[in-house]
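What follows is the content of run_14.txt, which has compact mmCIF, C-alpha atoms:
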```
# COMPACT_ATOMS: atom_id res chain seq x y z
CA MET A 1 0.00 0.00 0.00
CA ALA A 2 1.46 3.38 -1.01
CA SER A 3 2.02 6.05 1.60
CA THR A 4 0.48 9.48 1.14
CA ALA A 5 2.92 11.25 3.47
CA PRO A 6 4.62 14.30 1.95
CA SER A 7 8.04 13.69 0.50
CA ALA A 8 10.85 15.53 -1.26
CA PRO A 9 12.27 14.47 -4.63
CA ILE A 10 15.02 11.86 -4.36
CA PRO A 11 18.13 13.25 -6.08
CA SER A 12 19.53 11.10 -8.87
CA GLN A 13 23.07 9.71 -8.67
CA ALA A 14 24.07 11.47 -11.91
CA ARG A 15 23.59 14.90 -10.36
CA SER A 16 25.25 14.10 -7.02
CA LYS A 17 28.06 16.65 -7.36
CA ASN A 18 25.44 19.41 -7.64
CA LEU A 19 23.47 18.51 -4.53
CA ARG A 20 22.89 21.03 -1.76
CA ALA A 21 21.73 20.60 1.83
CA CYS A 22 19.44 23.05 3.61
CA LEU A 23 21.30 24.69 6.49
CA LEU A 24 18.23 24.58 8.72
CA CYS A 25 16.75 21.09 8.24
CA SER A 26 19.58 19.36 6.26
CA ILE A 27 17.37 17.98 3.49
CA ILE A 28 19.36 17.32 0.33
CA GLN A 29 18.03 18.44 -3.06
CA THR A 30 19.31 19.79 -6.34
CA PRO A 31 19.47 23.57 -6.76
CA ILE A 32 16.68 23.18 -9.36
CA ASP A 33 14.39 21.49 -6.80
CA PHE A 34 15.11 24.21 -4.23
CA ARG A 35 14.34 26.86 -6.88
CA ARG A 36 11.13 25.17 -8.07
CA ASN A 37 9.72 24.09 -4.72
CA GLY A 38 11.79 25.70 -2.00
CA CYS A 39 12.58 23.67 1.09
CA PRO A 40 9.77 21.20 1.82
CA ASN A 41 10.33 21.54 5.57
CA CYS A 42 11.12 25.19 6.25
CA GLU A 43 10.20 27.26 3.19
CA ASP A 44 8.14 29.70 5.27
CA ILE A 45 11.34 30.73 7.08
CA MET A 46 14.01 30.10 4.44
CA GLN A 47 12.10 31.52 1.42
CA MET A 48 14.26 29.85 -1.25
CA LYS A 49 11.59 29.18 -3.87
CA GLY A 50 12.48 31.11 -7.02
CA SER A 51 15.51 32.80 -5.44
CA PRO A 52 18.98 31.63 -6.54
CA ASP A 53 20.64 34.12 -4.13
CA ARG A 54 18.63 32.78 -1.20
CA ILE A 55 19.43 29.17 -2.20
CA GLN A 56 23.13 30.08 -2.24
CA ALA A 57 22.88 31.65 1.23
CA CYS A 58 20.63 29.03 2.87
CA THR A 59 22.08 25.79 1.51
CA THR A 60 25.53 24.26 1.24
CA THR A 61 27.42 21.76 -0.89
CA HIS A 62 29.57 20.91 2.14
CA PHE A 63 27.89 18.10 4.03
CA ASP A 64 28.86 14.68 5.34
CA GLY A 65 26.90 11.47 5.15
CA THR A 66 23.35 10.89 4.04
CA ILE A 67 20.33 9.13 5.42
CA ALA A 68 17.15 8.24 3.59
CA VAL A 69 14.11 8.79 5.77
CA THR A 70 11.06 6.87 4.60
CA ASP A 71 8.94 6.94 7.75
CA PRO A 72 10.05 9.98 9.77
CA GLU A 73 7.66 9.50 12.69
CA LYS A 74 8.73 5.90 13.37
CA SER A 75 12.45 6.15 12.59
CA TRP A 76 14.85 6.27 15.54
CA VAL A 77 17.50 7.63 13.16
CA ALA A 78 15.16 10.49 12.19
CA ARG A 79 14.57 11.22 15.89
CA TRP A 80 18.34 11.19 16.51
CA GLN A 81 18.90 13.55 13.57
CA ARG A 82 15.90 15.73 14.57
CA THR A 83 14.19 15.12 11.22
CA ASN A 84 11.24 13.08 12.54
CA LYS A 85 8.82 16.01 12.02
CA TYR A 86 9.97 16.57 8.44
CA VAL A 87 8.96 15.09 5.08
CA ARG A 88 10.33 11.83 3.73
CA GLY A 89 13.55 12.38 1.81
CA VAL A 90 17.34 12.29 1.83
CA TYR A 91 19.08 14.23 4.61
CA ALA A 92 22.70 15.13 5.39
CA ILE A 93 24.05 13.84 8.69
CA THR A 94 26.06 17.05 9.21
CA VAL A 95 26.26 20.26 7.22
CA LYS A 96 28.99 22.88 7.23
CA GLY A 97 27.77 26.42 7.75
CA ARG A 98 25.11 28.38 9.56
CA VAL A 99 21.86 29.96 8.48
CA PRO A 100 22.03 33.68 7.58
CA ASP A 101 21.63 36.17 10.44
CA ASP A 102 18.15 37.25 9.25
CA VAL A 103 16.93 33.63 9.39
CA GLU A 104 18.41 33.14 12.85
CA GLN A 105 16.67 36.34 14.02
CA GLU A 106 13.35 35.19 12.51
CA LEU A 107 13.65 31.88 14.35
CA GLU A 108 14.29 33.75 17.59
CA VAL A 109 11.23 35.98 17.00
CA GLN A 110 9.12 32.83 16.51
CA GLY A 111 10.51 31.31 19.72
CA ILE A 112 12.46 28.60 17.91
CA LYS A 113 15.94 27.74 19.19
CA TYR A 114 18.38 27.43 16.27
CA ARG A 115 20.56 24.34 16.48
CA PRO A 116 23.30 24.27 13.84
CA ARG A 117 23.54 20.95 12.04
CA ASP A 118 27.33 20.94 12.01
CA GLN A 119 27.59 19.32 15.48
CA THR A 120 29.11 22.45 17.05
CA GLU A 121 26.36 22.48 19.68
CA VAL A 122 25.70 19.36 21.69
CA ASP A 123 22.16 18.54 22.84
```

If you took the structure in this file and wrote it as structure tokens, what would it be?
Amino acid sequence: MASTAPSAPIPSQARSKNLRACLLCSIIQTPIDFRRNGCPNCEDIMQMKGSPDRIQACTTTHFDGTIAVTDPEKSWVARWQRTNKYVRGVYAITVKGRVPDDVEQELEVQGIKYRPRDQTEVD
């Protein structure tokens, strides 16, 4: 039986050198997918859809490891990576970089604690 849970496009192997990871949620997509659809988890904050400059600022090509999350709510790996509330997709284990200052300020205004995904802050 097919699942109807939201999911992000799975990047193809041929385009792997062009993949980017969102600095906020760590989902991995092509720049084209970020431009067409934005980030499926945090577009309301990151606002990447249709904005190459914003994609450049809010994503990175520097990430380590990948995990494929098919059932975020039941996956212990997704809980460990803090992606269990996100859509199904491919995620980076760690990303290098931080969100832009304006995004960090917006998170603060919304009462959301920013946790960099580069393992510089320990839970």

Name the residues, using the chain letters and numbers of the file, that sit within 9 Å of (15.0, 11.9, 10.3) when counting only C-alpha atoms, and give them as a PyMOL selection string. chain A and resi 67-73+75-91

Separation of atom CA of A:Ile45 from atom CA of A:Gln105 in Å: 10.4 Å

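Atom CA of A:Ile93 sits 11.4 Å away from atom CA of A:Leu23.
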
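Proximity to A:Gly50 was assessed for A:Asp101, A:Asp118, A:Asp33, A:Glu108 counting only C-alpha atoms; the smallest distance is recorded for A:Asp33.
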
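Atom CA of A:Lys17 to atom CA of A:Gly97 spans 18.0 Å [interatomic distance, one decimal].
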
Protein and nucleic acid residues near (23.1, 30.7, -0.5) (cut-off 10 Å, all atoms listed in the file) as a PyMOL selection string: chain A and resi 20+22-23+48+51-61+99-100

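For the residues A:Leu24, A:Ile32, A:Leu19, A:Val95, ranking by smallest atom-to-atom distance to A:Met46 using all atoms listed in the file places A:Leu24 first.
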
What's the 6 Å shell around A:Ala92, counting all atoms listed in the file, without same-chain residues fewer than 6 positions away, as an NGL selection string? :A and (26 or 65-66)
